[in-house]
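**Student:** My structure file run_21.txt, compact mmCIF, N, CA and C atoms, is below:
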# COMPACT_ATOMS: atom_id res chain seq x y z
N GLN A 1 -22.05 -5.48 16.90
CA GLN A 1 -20.85 -5.36 16.08
C GLN A 1 -20.53 -3.88 15.86
N VAL A 2 -19.24 -3.58 15.85
CA VAL A 2 -18.78 -2.21 15.65
C VAL A 2 -17.89 -2.16 14.43
N GLN A 3 -18.10 -1.16 13.60
CA GLN A 3 -17.24 -0.96 12.44
C GLN A 3 -16.41 0.30 12.64
N LEU A 4 -15.17 0.21 12.23
CA LEU A 4 -14.26 1.35 12.33
C LEU A 4 -13.79 1.72 10.93
N VAL A 5 -13.93 2.98 10.59
CA VAL A 5 -13.49 3.46 9.29
C VAL A 5 -12.40 4.49 9.50
N GLU A 6 -11.23 4.17 9.01
CA GLU A 6 -10.07 5.04 9.16
C GLU A 6 -9.83 5.84 7.88
N SER A 7 -9.25 7.00 8.05
CA SER A 7 -8.88 7.81 6.89
C SER A 7 -7.77 8.76 7.28
N GLY A 8 -7.09 9.29 6.27
CA GLY A 8 -6.11 10.33 6.50
C GLY A 8 -4.66 9.94 6.32
N GLY A 9 -4.39 8.67 6.07
CA GLY A 9 -3.01 8.28 5.86
C GLY A 9 -2.49 8.78 4.52
N GLY A 10 -1.19 8.58 4.28
CA GLY A 10 -0.62 9.00 3.02
C GLY A 10 0.88 9.17 3.10
N LEU A 11 1.41 9.83 2.08
CA LEU A 11 2.85 10.08 1.97
C LEU A 11 3.11 11.55 2.26
N VAL A 12 4.08 11.80 3.11
CA VAL A 12 4.42 13.17 3.48
C VAL A 12 5.93 13.28 3.67
N GLN A 13 6.45 14.45 3.46
CA GLN A 13 7.88 14.66 3.70
C GLN A 13 8.14 14.87 5.18
N ALA A 14 9.34 14.58 5.58
CA ALA A 14 9.73 14.80 6.98
C ALA A 14 9.47 16.25 7.35
N GLY A 15 8.92 16.42 8.55
CA GLY A 15 8.55 17.75 9.01
C GLY A 15 7.12 18.12 8.70
N GLY A 16 6.48 17.34 7.88
CA GLY A 16 5.10 17.62 7.50
C GLY A 16 4.09 17.12 8.51
N SER A 17 2.83 17.24 8.14
CA SER A 17 1.74 16.87 9.04
C SER A 17 0.70 16.02 8.33
N LEU A 18 0.05 15.19 9.10
CA LEU A 18 -1.10 14.42 8.65
C LEU A 18 -2.10 14.34 9.78
N ARG A 19 -3.36 14.16 9.42
CA ARG A 19 -4.39 13.97 10.42
C ARG A 19 -5.15 12.69 10.11
N LEU A 20 -5.13 11.77 11.05
CA LEU A 20 -5.87 10.52 10.91
C LEU A 20 -7.22 10.64 11.62
N SER A 21 -8.21 10.02 11.02
CA SER A 21 -9.54 9.98 11.61
C SER A 21 -10.01 8.54 11.69
N CYS A 22 -10.79 8.25 12.71
CA CYS A 22 -11.37 6.93 12.87
C CYS A 22 -12.79 7.09 13.40
N ALA A 23 -13.75 6.72 12.57
CA ALA A 23 -15.15 6.84 12.95
C ALA A 23 -15.71 5.46 13.28
N ALA A 24 -16.34 5.37 14.43
CA ALA A 24 -16.94 4.12 14.87
C ALA A 24 -18.45 4.16 14.62
N SER A 25 -18.97 3.04 14.15
CA SER A 25 -20.41 2.95 13.93
C SER A 25 -20.87 1.53 14.25
N GLY A 26 -22.19 1.38 14.40
CA GLY A 26 -22.73 0.06 14.70
C GLY A 26 -23.32 0.00 16.09
N SER A 27 -23.11 -1.11 16.74
CA SER A 27 -23.70 -1.34 18.07
C SER A 27 -22.85 -0.67 19.15
N ILE A 28 -22.92 0.64 19.16
CA ILE A 28 -22.12 1.41 20.11
C ILE A 28 -22.99 1.81 21.27
N ILE A 29 -22.76 1.21 22.40
CA ILE A 29 -23.52 1.56 23.58
C ILE A 29 -22.65 2.27 24.59
N ASN A 30 -21.45 1.76 24.73
CA ASN A 30 -20.59 2.31 25.77
C ASN A 30 -19.14 2.23 25.30
N ILE A 31 -18.67 3.29 24.65
CA ILE A 31 -17.27 3.31 24.23
C ILE A 31 -16.40 3.68 25.42
N ASN A 32 -15.40 2.90 25.64
CA ASN A 32 -14.45 3.19 26.71
C ASN A 32 -13.24 3.91 26.13
N ASN A 33 -12.23 3.16 25.81
CA ASN A 33 -11.00 3.77 25.30
C ASN A 33 -11.01 3.83 23.78
N MET A 34 -10.36 4.86 23.26
CA MET A 34 -10.12 4.97 21.83
C MET A 34 -8.64 5.26 21.66
N ALA A 35 -8.03 4.62 20.70
CA ALA A 35 -6.58 4.75 20.60
C ALA A 35 -6.10 4.55 19.17
N TRP A 36 -4.86 4.89 18.96
CA TRP A 36 -4.15 4.59 17.72
C TRP A 36 -2.90 3.79 18.09
N HIS A 37 -2.70 2.73 17.34
CA HIS A 37 -1.48 1.94 17.43
C HIS A 37 -0.81 2.01 16.06
N ARG A 38 0.44 1.58 16.01
CA ARG A 38 1.11 1.52 14.71
C ARG A 38 2.05 0.32 14.67
N GLN A 39 2.30 -0.12 13.45
CA GLN A 39 3.21 -1.24 13.27
C GLN A 39 4.08 -0.96 12.05
N ALA A 40 5.37 -0.86 12.31
CA ALA A 40 6.35 -0.67 11.24
C ALA A 40 6.82 -2.05 10.76
N PRO A 41 7.33 -2.13 9.55
CA PRO A 41 7.79 -3.41 9.02
C PRO A 41 8.83 -4.05 9.93
N GLY A 42 8.61 -5.30 10.27
CA GLY A 42 9.54 -6.03 11.10
C GLY A 42 9.47 -5.71 12.57
N LYS A 43 8.52 -4.88 12.96
CA LYS A 43 8.41 -4.50 14.36
C LYS A 43 7.05 -4.88 14.92
N LYS A 44 6.98 -4.91 16.25
CA LYS A 44 5.72 -5.22 16.91
C LYS A 44 4.79 -4.00 16.86
N ARG A 45 3.51 -4.29 16.94
CA ARG A 45 2.55 -3.20 17.01
C ARG A 45 2.72 -2.48 18.35
N GLU A 46 2.70 -1.16 18.30
CA GLU A 46 2.91 -0.38 19.51
C GLU A 46 1.82 0.67 19.67
N LEU A 47 1.56 1.01 20.91
CA LEU A 47 0.58 2.05 21.21
C LEU A 47 1.19 3.42 20.88
N VAL A 48 0.44 4.23 20.17
CA VAL A 48 0.86 5.59 19.87
C VAL A 48 0.23 6.57 20.86
N ALA A 49 -1.09 6.46 21.00
CA ALA A 49 -1.80 7.36 21.90
C ALA A 49 -3.16 6.76 22.23
N VAL A 50 -3.62 7.03 23.44
CA VAL A 50 -4.92 6.52 23.89
C VAL A 50 -5.63 7.62 24.65
N ILE A 51 -6.95 7.66 24.46
CA ILE A 51 -7.78 8.57 25.23
C ILE A 51 -8.83 7.73 25.94
N PHE A 52 -8.90 7.91 27.23
CA PHE A 52 -9.83 7.14 28.04
C PHE A 52 -11.18 7.84 28.10
N ARG A 53 -12.16 7.12 28.59
CA ARG A 53 -13.50 7.67 28.66
C ARG A 53 -13.52 8.94 29.51
N SER A 54 -12.63 8.99 30.49
CA SER A 54 -12.55 10.16 31.36
C SER A 54 -12.01 11.39 30.65
N GLY A 55 -11.39 11.15 29.48
CA GLY A 55 -10.76 12.25 28.77
C GLY A 55 -9.26 12.30 28.95
N MET A 56 -8.75 11.50 29.89
CA MET A 56 -7.32 11.45 30.11
C MET A 56 -6.64 10.82 28.90
N LYS A 57 -5.46 11.31 28.58
CA LYS A 57 -4.73 10.83 27.42
C LYS A 57 -3.33 10.37 27.81
N ASN A 58 -2.85 9.38 27.10
CA ASN A 58 -1.47 8.94 27.23
C ASN A 58 -0.84 8.87 25.84
N TYR A 59 0.42 9.22 25.77
CA TYR A 59 1.14 9.19 24.50
C TYR A 59 2.42 8.38 24.66
N ALA A 60 2.83 7.74 23.58
CA ALA A 60 4.14 7.11 23.56
C ALA A 60 5.19 8.22 23.65
N ASP A 61 6.29 7.92 24.31
CA ASP A 61 7.34 8.93 24.47
C ASP A 61 7.83 9.45 23.12
N SER A 62 7.84 8.58 22.14
CA SER A 62 8.38 8.94 20.83
C SER A 62 7.53 9.97 20.08
N VAL A 63 6.29 10.17 20.52
CA VAL A 63 5.42 11.11 19.79
C VAL A 63 4.99 12.29 20.65
N LYS A 64 5.36 12.29 21.91
CA LYS A 64 4.96 13.39 22.79
C LYS A 64 5.46 14.72 22.25
N GLY A 65 4.57 15.70 22.27
CA GLY A 65 4.91 17.02 21.77
C GLY A 65 4.73 17.18 20.27
N ARG A 66 4.51 16.07 19.57
CA ARG A 66 4.32 16.13 18.12
C ARG A 66 2.93 15.68 17.69
N PHE A 67 2.40 14.70 18.38
CA PHE A 67 1.07 14.14 18.05
C PHE A 67 0.05 14.60 19.08
N THR A 68 -1.16 14.83 18.60
CA THR A 68 -2.25 15.20 19.49
C THR A 68 -3.47 14.35 19.18
N LEU A 69 -3.98 13.72 20.23
CA LEU A 69 -5.16 12.86 20.10
C LEU A 69 -6.37 13.62 20.60
N SER A 70 -7.46 13.52 19.85
CA SER A 70 -8.70 14.15 20.30
C SER A 70 -9.87 13.23 19.97
N ARG A 71 -10.98 13.51 20.62
CA ARG A 71 -12.13 12.61 20.51
C ARG A 71 -13.41 13.43 20.44
N ASP A 72 -14.26 13.08 19.50
CA ASP A 72 -15.57 13.72 19.36
C ASP A 72 -16.60 12.67 19.74
N ASN A 73 -17.09 12.75 20.95
CA ASN A 73 -18.03 11.74 21.45
C ASN A 73 -19.34 11.75 20.68
N ALA A 74 -19.77 12.90 20.23
CA ALA A 74 -21.03 12.99 19.49
C ALA A 74 -20.94 12.24 18.16
N LYS A 75 -19.75 12.22 17.58
CA LYS A 75 -19.55 11.55 16.30
C LYS A 75 -18.88 10.20 16.45
N ASN A 76 -18.58 9.81 17.68
CA ASN A 76 -17.87 8.54 17.92
C ASN A 76 -16.62 8.45 17.07
N THR A 77 -15.89 9.53 17.04
CA THR A 77 -14.72 9.64 16.18
C THR A 77 -13.51 10.06 17.00
N VAL A 78 -12.38 9.47 16.65
CA VAL A 78 -11.12 9.85 17.29
C VAL A 78 -10.17 10.33 16.19
N TYR A 79 -9.42 11.36 16.52
CA TYR A 79 -8.50 11.97 15.57
C TYR A 79 -7.07 11.92 16.11
N LEU A 80 -6.13 11.80 15.20
CA LEU A 80 -4.73 11.86 15.58
C LEU A 80 -4.06 12.89 14.67
N GLN A 81 -3.75 14.04 15.25
CA GLN A 81 -3.03 15.07 14.51
C GLN A 81 -1.55 14.83 14.68
N MET A 82 -0.86 14.61 13.57
CA MET A 82 0.55 14.27 13.61
C MET A 82 1.35 15.39 12.95
N ASN A 83 2.16 16.06 13.74
CA ASN A 83 2.99 17.15 13.25
C ASN A 83 4.47 16.77 13.36
N SER A 84 5.29 17.52 12.67
CA SER A 84 6.74 17.30 12.71
C SER A 84 7.07 15.82 12.48
N LEU A 85 6.47 15.27 11.46
CA LEU A 85 6.64 13.84 11.20
C LEU A 85 8.08 13.51 10.84
N LYS A 86 8.48 12.32 11.26
CA LYS A 86 9.83 11.83 11.03
C LYS A 86 9.76 10.54 10.22
N PRO A 87 10.83 10.19 9.53
CA PRO A 87 10.82 8.92 8.79
C PRO A 87 10.52 7.72 9.68
N GLU A 88 10.94 7.78 10.92
CA GLU A 88 10.67 6.66 11.83
C GLU A 88 9.21 6.55 12.25
N ASP A 89 8.39 7.52 11.86
CA ASP A 89 6.95 7.42 12.09
C ASP A 89 6.26 6.58 11.01
N THR A 90 7.01 6.20 10.00
CA THR A 90 6.44 5.39 8.93
C THR A 90 5.96 4.06 9.47
N ALA A 91 4.69 3.77 9.21
CA ALA A 91 4.07 2.54 9.74
C ALA A 91 2.64 2.46 9.23
N VAL A 92 2.03 1.31 9.48
CA VAL A 92 0.59 1.20 9.32
C VAL A 92 -0.04 1.58 10.66
N TYR A 93 -0.94 2.50 10.62
CA TYR A 93 -1.59 2.99 11.83
C TYR A 93 -2.97 2.35 11.95
N TYR A 94 -3.24 1.82 13.13
CA TYR A 94 -4.49 1.10 13.39
C TYR A 94 -5.29 1.82 14.46
N CYS A 95 -6.54 2.01 14.18
CA CYS A 95 -7.46 2.55 15.17
C CYS A 95 -7.93 1.41 16.08
N TYR A 96 -8.11 1.72 17.34
CA TYR A 96 -8.57 0.74 18.33
C TYR A 96 -9.68 1.38 19.16
N VAL A 97 -10.73 0.61 19.37
CA VAL A 97 -11.83 1.07 20.20
C VAL A 97 -12.25 -0.04 21.15
N SER A 98 -12.45 0.33 22.38
CA SER A 98 -12.94 -0.59 23.39
C SER A 98 -14.40 -0.25 23.68
N VAL A 99 -15.27 -1.22 23.44
CA VAL A 99 -16.70 -1.02 23.68
C VAL A 99 -17.16 -2.13 24.61
N SER A 100 -17.62 -1.72 25.79
CA SER A 100 -18.01 -2.67 26.82
C SER A 100 -16.81 -3.57 27.11
N VAL A 101 -16.94 -4.86 26.88
CA VAL A 101 -15.81 -5.78 27.13
C VAL A 101 -15.15 -6.23 25.85
N TYR A 102 -15.49 -5.60 24.74
CA TYR A 102 -14.98 -6.02 23.44
C TYR A 102 -13.97 -5.01 22.88
N ASP A 103 -13.04 -5.55 22.12
CA ASP A 103 -12.02 -4.74 21.45
C ASP A 103 -12.24 -4.79 19.95
N TYR A 104 -12.10 -3.65 19.30
CA TYR A 104 -12.25 -3.59 17.85
C TYR A 104 -11.06 -2.86 17.24
N TRP A 105 -10.67 -3.34 16.06
CA TRP A 105 -9.54 -2.75 15.35
C TRP A 105 -9.98 -2.31 13.96
N GLY A 106 -9.40 -1.21 13.50
CA GLY A 106 -9.60 -0.79 12.14
C GLY A 106 -8.72 -1.60 11.20
N GLN A 107 -8.89 -1.36 9.91
CA GLN A 107 -8.16 -2.13 8.91
C GLN A 107 -6.73 -1.63 8.72
N GLY A 108 -6.46 -0.45 9.25
CA GLY A 108 -5.11 0.11 9.13
C GLY A 108 -5.00 1.10 7.98
N THR A 109 -4.20 2.11 8.20
CA THR A 109 -3.94 3.11 7.16
C THR A 109 -2.45 3.40 7.13
N GLN A 110 -1.89 3.40 5.94
CA GLN A 110 -0.44 3.55 5.79
C GLN A 110 -0.04 5.02 5.91
N VAL A 111 0.97 5.23 6.72
CA VAL A 111 1.61 6.55 6.82
C VAL A 111 3.07 6.37 6.43
N THR A 112 3.50 7.10 5.43
CA THR A 112 4.88 7.03 4.97
C THR A 112 5.49 8.42 5.01
N VAL A 113 6.61 8.52 5.71
CA VAL A 113 7.30 9.80 5.85
C VAL A 113 8.64 9.68 5.13
N SER A 114 8.83 10.49 4.12
CA SER A 114 10.08 10.45 3.35
C SER A 114 11.08 11.44 3.92
N SER A 115 12.33 11.08 3.80
CA SER A 115 13.39 11.95 4.35
C SER A 115 13.86 12.95 3.32
Reformat the file's structure so that it appears as structure tokens.

**Tutor:**
Amino acid sequence: QVQLVESGGGLVQAGGSLRLSCAASGSIININNMAWHRQAPGKKRELVAVIFRSGMKNYADSVKGRFTLSRDNAKNTVYLQMNSLKPEDTAVYYCYVSVSVYDYWGQGTQVTVSS
């Protein structure tokens, strides 16, 4: 079993920054992908950014140039640095980790960007 602990959400004004963290613990033998998804009210959950085991990263077009994903393998932690935040970034952000053939999700952390 893998546990994910998220932190860093909150309320920020447009143009501000937040940094989300997600630490994985438990039966971690082989972490593959680590990612952040988000879900705004009334919308489907969408991928924000993913980092593969190789280190390659992909970002949603809507966050390219503003968000930066990084990974600390020694700490089994993934970070999402969010700059130049916009009101449309408001959502619950979920951490995702792929370990072996299993998928794990965090409990979600609210990010609210005021205009």

**Student:** Any idea what's packed within 7 Å of stretch 62-68 of chain A, counting all atoms listed in the file, ignoring anything in its chain fewer than 4 positions away? Could you give it as a PyMOL selection string?

**Tutor:** chain A and resi 48+79-84

**Student:** Could you work out how far atom CA of A:Ser25 lies from atom CA of A:Lys75, giving the answer in Å with one decimal?

**Tutor:**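 Calculated distance between atom CA of A:Lys75 and atom CA of A:Ser25 is 9.0 Å.
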
**Student:** Considering only N, CA and C atoms, return as a list in words whatever protein or nucleic-acid residues lie within 8 Å of A:Gly26, sequence-local ones (same chain, fewer than 2 positions apart) excluded.

**Tutor:**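 Contacts, with the query itself left out: Gln1, Val2, Gln3, Leu4, Ala23, Ala24, Ile28 and Ile29 of chain A.
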
**Student:** Fewer than 5 positions away in the same chain doesn't count, so skip those; otherwise give me all residues within 5 Å of A:Gln110, counting all atoms listed in the file, as a list in words.

**Tutor:**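 Selected residues are Gly9, Gly10, Ala91, Val92 and Tyr93 of chain A.
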
**Student:** Keeping only N, CA and C atoms, write the selected residues to a file as a short mmCIF file (atom, residue, chain, number, x, y, z; two decimals), in the frame of the given file.

**Tutor:**
data_model
loop_
_atom_site.label_atom_id
_atom_site.label_comp_id
_atom_site.auth_asym_id
_atom_site.auth_seq_id
_atom_site.Cartn_x
_atom_site.Cartn_y
_atom_site.Cartn_z
N GLY A 9 -4.39 8.67 6.07
CA GLY A 9 -3.01 8.28 5.86
C GLY A 9 -2.49 8.78 4.52
N GLY A 10 -1.19 8.58 4.28
CA GLY A 10 -0.62 9.00 3.02
C GLY A 10 0.88 9.17 3.10
N ALA A 91 4.69 3.77 9.21
CA ALA A 91 4.07 2.54 9.74
C ALA A 91 2.64 2.46 9.23
N VAL A 92 2.03 1.31 9.48
CA VAL A 92 0.59 1.20 9.32
C VAL A 92 -0.04 1.58 10.66
N TYR A 93 -0.94 2.50 10.62
CA TYR A 93 -1.59 2.99 11.83
C TYR A 93 -2.97 2.35 11.95
#

**Student:** Write out as JSON, numbers by chain the residues lying within 6.5 Å of A:Leu11, counting all atoms listed in the file and excluding same-chain residues fewer than 3 positions away.

**Tutor:** {"A": [110, 111, 112, 113, 114]}

**Student:** What's around A:Met34 at 6 Å? Count only C-alpha atoms, leave out sequence neighbours fewer than 4 positions away in its own chain, and write the answer as a list of chain:residue names.

**Tutor:**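 Returned residues: A:Val50, A:Ile51, A:Tyr96, A:Val97.
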
**Student:** Have a look at A:Pro87, A:Gly55, A:Gly8, A:Gly42 and name the one nearest to A:Asn73; count only C-alpha atoms.

**Tutor:**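 Counting only C-alpha atoms, the residue closest to A:Asn73 is A:Gly55.
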
**Student:** Counting only N, CA and C atoms, which residues sit no farther than 7 Å from the position (-12.4, 12.6, 24.5) in the file's frame? I'd like them as a PDB file with N, CA and C atoms, keeping the file's coordinate frame.

**Tutor:**
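See part28.pdb below for the written result:
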ATOM      1  N   ILE A  51      -6.950   7.660  24.460  1.00  0.00           N
ATOM      2  CA  ILE A  51      -7.780   8.570  25.230  1.00  0.00           C
ATOM      3  C   ILE A  51      -8.830   7.730  25.940  1.00  0.00           C
ATOM      4  N   PHE A  52      -8.900   7.910  27.230  1.00  0.00           N
ATOM      5  CA  PHE A  52      -9.830   7.140  28.040  1.00  0.00           C
ATOM      6  C   PHE A  52     -11.180   7.840  28.100  1.00  0.00           C
ATOM      7  N   ARG A  53     -12.160   7.120  28.590  1.00  0.00           N
ATOM      8  CA  ARG A  53     -13.500   7.670  28.660  1.00  0.00           C
ATOM      9  C   ARG A  53     -13.520   8.940  29.510  1.00  0.00           C
ATOM     10  N   SER A  54     -12.630   8.990  30.490  1.00  0.00           N
ATOM     11  CA  SER A  54     -12.550  10.160  31.360  1.00  0.00           C
ATOM     12  C   SER A  54     -12.010  11.390  30.650  1.00  0.00           C
ATOM     13  N   GLY A  55     -11.390  11.150  29.480  1.00  0.00           N
ATOM     14  CA  GLY A  55     -10.760  12.250  28.770  1.00  0.00           C
ATOM     15  C   GLY A  55      -9.260  12.300  28.950  1.00  0.00           C
ATOM     16  N   MET A  56      -8.750  11.500  29.890  1.00  0.00           N
ATOM     17  CA  MET A  56      -7.320  11.450  30.110  1.00  0.00           C
ATOM     18  C   MET A  56      -6.640  10.820  28.900  1.00  0.00           C
ATOM     19  N   SER A  70      -7.460  13.520  19.850  1.00  0.00           N
ATOM     20  CA  SER A  70      -8.700  14.150  20.300  1.00  0.00           C
ATOM     21  C   SER A  70      -9.870  13.230  19.970  1.00  0.00           C
ATOM     22  N   ARG A  71     -10.980  13.510  20.620  1.00  0.00           N
ATOM     23  CA  ARG A  71     -12.130  12.610  20.510  1.00  0.00           C
ATOM     24  C   ARG A  71     -13.410  13.430  20.440  1.00  0.00           C
ATOM     25  N   ASP A  72     -14.260  13.080  19.500  1.00  0.00           N
ATOM     26  CA  ASP A  72     -15.570  13.720  19.360  1.00  0.00           C
ATOM     27  C   ASP A  72     -16.600  12.670  19.740  1.00  0.00           C
ATOM     28  N   ASN A  73     -17.090  12.750  20.950  1.00  0.00           N
ATOM     29  CA  ASN A  73     -18.030  11.740  21.450  1.00  0.00           C
ATOM     30  C   ASN A  73     -19.340  11.750  20.680  1.00  0.00           C
TER      31      ASN A  73
END
